Amino acid sequence: MQRSGLLIVFILLSFLTLLSNALQSPAATGSNINPFGHAASEDTSVNLLLAAQPGANLSIKRIELYFENRRADTTVMRDYPDLKAFADITFTGSGLFQGYWQVDSRILSYVNQHLTFGGSVTIQTPKIPPLPTFDTGTHIVKFVISNPPESLPLPSILYFVKAAEFKGSPIAIKLVSPSDESMLEYGPVKFEWGKTNTLSTYSIQFYEDPKSKPVFSFCTGDASYTFSESVLTKIFNPDRKYYWIVTGYGPGDEIGESLMRRVIFKTSSINAP
């Protein structure tokens, strides 16, 4: 009987000891003592969150297309083997970037690339398959972004494949409006030029520096192009000079080009209170 009493007392003391240890454990006190014997940092979870945050915020700010001549148009001979186009992508954040090169509304190749830390990257058309040059005439190139989803205005560039060396003079394309050195309102603007019977496709190109690559270009069968508000606000800045030029190509070997003009956009009033 005495031995049973001692056993009960021992069990009670053991229970009280375990209860005391539990009350002093890290979970009960809220301390940052690591059970493996190392001090844990209070900032660990916050730092991981900040490091992972850009991955969810990849955003494409700008895309510029051009050929090796730094222009939005070029002319090559049929079966030319080494034609290249380039896309300069400006972005913020990090994440998976996906898109594809498109020639005459047909997909040429896909691009899947992980972009990190923001900045810019240049993507080149692949060697295999190359840009096709076996068909003479005009071909339009685009780079379409599929991820991240963006509402960016997509530029288009143009290359012309000819069967023989062109020996004539380029057809003069007359620019109609806006006039040279115009001060333009920062809003939708219509650019116009004279249409000819021998040219069927036109490329309008805009530059900050005539010796650099175009900041935006667009191919059309019309003799005019009107900025949307999206193109204007994402590509062009107020109080800055831009140069524009139009080139044209016909169904045969006809080639045309205009003189270059300059325009300046006035201070923006789109977001004014």
# chains A, B, ... in the order shown; residues from 1 in each chain; ligands from 1
>>> closest_atom_pairs(of="range 155-220 of chain A", to="range 260-269 of chain A", cutoff="7 Å", atoms="only C-alpha atoms", output="CSV")
residue,atom,partner,partner_atom,distance
A:Asp180,CA,A:Arg261,CA,5.0
A:Glu181,CA,A:Val263,CA,4.9
A:Ser182,CA,A:Val263,CA,4.9
A:Met183,CA,A:Ile264,CA,5.0
A:Leu184,CA,A:Phe265,CA,4.7
A:Glu185,CA,A:Lys266,CA,5.3
A:Tyr186,CA,A:Ser268,CA,5.2
>>> atom_distance(atom1="CA of Lys241 in chain A", atom2="CA of Phe91 in chain A")
24.0 Å
>>> residues_around(residues="Tyr66 in chain A", least_positions_apart="5", cutoff="6 Å", atoms="only C-alpha atoms", output="list in words")
Arg71, Ala72, Ala85 and Phe86 of chain A
>>> write_last_selection(atoms="N, CA and C atoms", output="short mmCIF file (atom, residue, chain, number, x, y, z; two decimals), in the first residue's frame")
data_model
loop_
_atom_site.label_atom_id
_atom_site.label_comp_id
_atom_site.auth_asym_id
_atom_site.auth_seq_id
_atom_site.Cartn_x
_atom_site.Cartn_y
_atom_site.Cartn_z
N ARG A 71 16.97 49.81 -88.79
CA ARG A 71 15.74 50.39 -89.30
C ARG A 71 14.61 49.38 -89.17
N ALA A 72 13.40 49.88 -89.42
CA ALA A 72 12.22 49.02 -89.37
C ALA A 72 11.88 48.44 -90.74
N ALA A 85 16.11 39.70 -87.44
CA ALA A 85 15.33 40.76 -86.80
C ALA A 85 15.59 40.70 -85.30
N PHE A 86 15.43 41.85 -84.64
CA PHE A 86 15.73 41.94 -83.22
C PHE A 86 14.57 42.59 -82.49
#
>>> atom_distance(atom1="CA of Val76 in chain A", atom2="CA of Thr133 in chain A")
7.9 Å
>>> closest_residue(among="A:Ser224, A:Gln205, A:Thr75, A:Ser217", to="Ile245 in chain A", atoms="only C-alpha atoms")
A:Gln205
>>> closest_residue(among="A:Leu175, A:Leu83, A:Leu152, A:Ile255", to="Ile204 in chain A", atoms="only C-alpha atoms")
A:Leu175
>>> atom_distance(atom1="CA of Leu65 in chain A", atom2="CA of Ala87 in chain A")
4.6 Å
>>> closest_residue(among="A:Leu58, A:Thr233, A:Glu254, A:Glu68", to="Ser169 in chain A", atoms="only C-alpha atoms")
A:Glu254
>>> residues_around(residues="Leu115 in chain A", least_positions_apart="6", cutoff="8 Å", atoms="only C-alpha atoms", output="PyMOL selection string")
chain A and resi 58+93-97
>>> write_last_selection(atoms="N, CA and C atoms", output="CSV table (one decimal), in the first residue's frame")
chain,number,residue,atom,x,y,z
A,58,LEU,N,6.3,40.5,-63.1
A,58,LEU,CA,7.0,40.8,-64.4
A,58,LEU,C,6.0,41.6,-65.2
A,93,GLY,N,10.6,43.8,-62.7
A,93,GLY,CA,10.3,42.6,-62.0
A,93,GLY,C,11.0,41.4,-62.6
A,94,SER,N,10.5,40.2,-62.2
A,94,SER,CA,11.0,38.9,-62.7
A,94,SER,C,9.9,38.0,-63.0
A,95,GLY,N,10.2,37.0,-63.8
A,95,GLY,CA,9.2,36.0,-64.1
A,95,GLY,C,9.4,35.4,-65.5
A,96,LEU,N,8.5,34.5,-65.8
A,96,LEU,CA,8.6,33.8,-67.1
A,96,LEU,C,8.0,34.7,-68.2
A,97,PHE,N,8.9,34.9,-69.3
A,97,PHE,CA,8.5,35.7,-70.4
A,97,PHE,C,8.3,34.7,-71.6
>>> select_by_dssp(residues="range 26-203 of chain A", states="strand (DSSP E or B)", output="VMD selection string")
chain A and resid 33 39 59 to 67 73 to 77 85 to 92 95 to 103 106 to 115 119 to 124 137 to 147 157 to 162 171 to 172 175 to 177 182 to 184 190 to 193 201 to 203
>>> closest_residue(among="A:Ser105, A:Ser228, A:Ser59, A:Ser177", to="Gly119 in chain A", atoms="only C-alpha atoms")
A:Ser59
>>> closest_residue(among="A:Tyr110, A:Asp239, A:Lys190, A:Phe227", to="Pro178 in chain A", atoms="only C-alpha atoms")
A:Lys190
>>> closest_residue(among="A:Glu208, A:Asp222, A:Asp79, A:Glu257", to="Ala163 in chain A", atoms="only C-alpha atoms")
A:Asp79
>>> residues_around(residues="Ser151 in chain A", least_positions_apart="5", cutoff="12 Å", atoms="only C-alpha atoms", output="PDB file with C-alpha atoms, in the first residue's frame")
ATOM      1  CA  SER A  59       5.759  43.665 -66.505  1.00  0.00           C
ATOM      2  CA  ILE A  60       6.766  44.530 -70.062  1.00  0.00           C
ATOM      3  CA  LYS A  61       7.176  48.264 -70.506  1.00  0.00           C
ATOM      4  CA  ARG A  62       8.349  48.555 -74.088  1.00  0.00           C
ATOM      5  CA  ILE A  63       9.200  46.569 -77.217  1.00  0.00           C
ATOM      6  CA  VAL A 144       3.757  38.840 -80.056  1.00  0.00           C
ATOM      7  CA  ILE A 145       3.940  38.717 -76.240  1.00  0.00           C
ATOM      8  CA  SER A 146       1.776  35.991 -74.668  1.00  0.00           C
ATOM      9  CA  GLU A 229      -3.871  56.860 -76.943  1.00  0.00           C
ATOM     10  CA  SER A 230      -2.178  53.606 -75.879  1.00  0.00           C
ATOM     11  CA  VAL A 231       0.591  53.989 -78.474  1.00  0.00           C
ATOM     12  CA  LYS A 234       3.409  54.043 -73.791  1.00  0.00           C
TER      13      LYS A 234
END
>>> residues_around(residues="Leu199 in chain A", least_positions_apart="5", cutoff="12 Å", atoms="only C-alpha atoms", output="mmCIF file with C-alpha atoms, in the first residue's frame")
data_model
loop_
_atom_site.group_PDB
_atom_site.id
_atom_site.type_symbol
_atom_site.label_atom_id
_atom_site.label_comp_id
_atom_site.auth_asym_id
_atom_site.auth_seq_id
_atom_site.Cartn_x
_atom_site.Cartn_y
_atom_site.Cartn_z
ATOM 1 C CA GLY A 137 7.672 40.742 -102.278
ATOM 2 C CA THR A 138 6.799 42.289 -98.932
ATOM 3 C CA PRO A 170 13.244 55.007 -105.461
ATOM 4 C CA ILE A 171 9.765 56.442 -105.883
ATOM 5 C CA ALA A 172 9.341 59.676 -103.945
ATOM 6 C CA ILE A 173 6.677 59.457 -101.268
ATOM 7 C CA GLY A 194 0.565 60.630 -100.735
ATOM 8 C CA THR A 220 -0.125 49.457 -93.375
ATOM 9 C CA GLY A 221 -1.694 49.372 -96.812
ATOM 10 C CA ASP A 222 -3.220 52.808 -96.271
ATOM 11 C CA ALA A 223 -1.713 56.240 -96.864
ATOM 12 C CA VAL A 246 7.650 56.520 -94.613
ATOM 13 C CA THR A 247 8.936 53.792 -96.914
ATOM 14 C CA GLY A 248 6.859 51.873 -99.445
ATOM 15 C CA TYR A 249 7.051 48.692 -101.520
ATOM 16 C CA GLY A 250 5.135 47.477 -104.539
ATOM 17 C CA PRO A 251 4.172 44.022 -105.795
ATOM 18 C CA GLY A 252 7.172 44.020 -108.128
ATOM 19 C CA ASP A 253 10.519 45.650 -107.463
ATOM 20 C CA GLU A 254 9.046 49.077 -106.723
ATOM 21 C CA ILE A 255 10.576 50.848 -103.737
ATOM 22 C CA GLY A 256 9.644 54.245 -102.348
ATOM 23 C CA GLU A 257 10.846 56.532 -99.582
#
>>> residues_around(residues="Ser109 in chain A", least_positions_apart="6", cutoff="10 Å", atoms="only C-alpha atoms", output="ChimeraX atom specification")
/A:99-103,125-126,128-131,143
>>> select_by_dssp(residues="range 48-193 of chain A", states="helix (DSSP H, G or I)", output="PyMOL selection string")
chain A and resi 48-56
>>> write_last_selection(atoms="N, CA and C atoms", output="short mmCIF file (atom, residue, chain, number, x, y, z; two decimals), in the first residue's frame")
data_model
loop_
_atom_site.label_atom_id
_atom_site.label_comp_id
_atom_site.auth_asym_id
_atom_site.auth_seq_id
_atom_site.Cartn_x
_atom_site.Cartn_y
_atom_site.Cartn_z
N LEU A 48 12.19 36.55 -47.38
CA LEU A 48 11.79 35.60 -48.40
C LEU A 48 10.60 36.14 -49.20
N LEU A 49 9.69 36.79 -48.52
CA LEU A 49 8.53 37.36 -49.19
C LEU A 49 8.94 38.45 -50.17
N LEU A 50 9.86 39.31 -49.75
CA LEU A 50 10.31 40.38 -50.62
C LEU A 50 11.09 39.85 -51.81
N ALA A 51 11.87 38.78 -51.57
CA ALA A 51 12.65 38.23 -52.65
C ALA A 51 11.76 37.57 -53.70
N ALA A 52 10.66 37.00 -53.25
CA ALA A 52 9.78 36.31 -54.18
C ALA A 52 8.80 37.24 -54.87
N GLN A 53 8.63 38.43 -54.29
CA GLN A 53 7.60 39.32 -54.81
C GLN A 53 7.77 39.71 -56.27
N PRO A 54 9.02 40.07 -56.74
CA PRO A 54 9.15 40.48 -58.14
C PRO A 54 8.75 39.40 -59.13
N GLY A 55 8.89 38.13 -58.74
CA GLY A 55 8.54 37.04 -59.64
C GLY A 55 7.10 37.08 -60.08
N ALA A 56 6.26 37.65 -59.23
CA ALA A 56 4.85 37.74 -59.57
C ALA A 56 4.52 39.03 -60.28
#
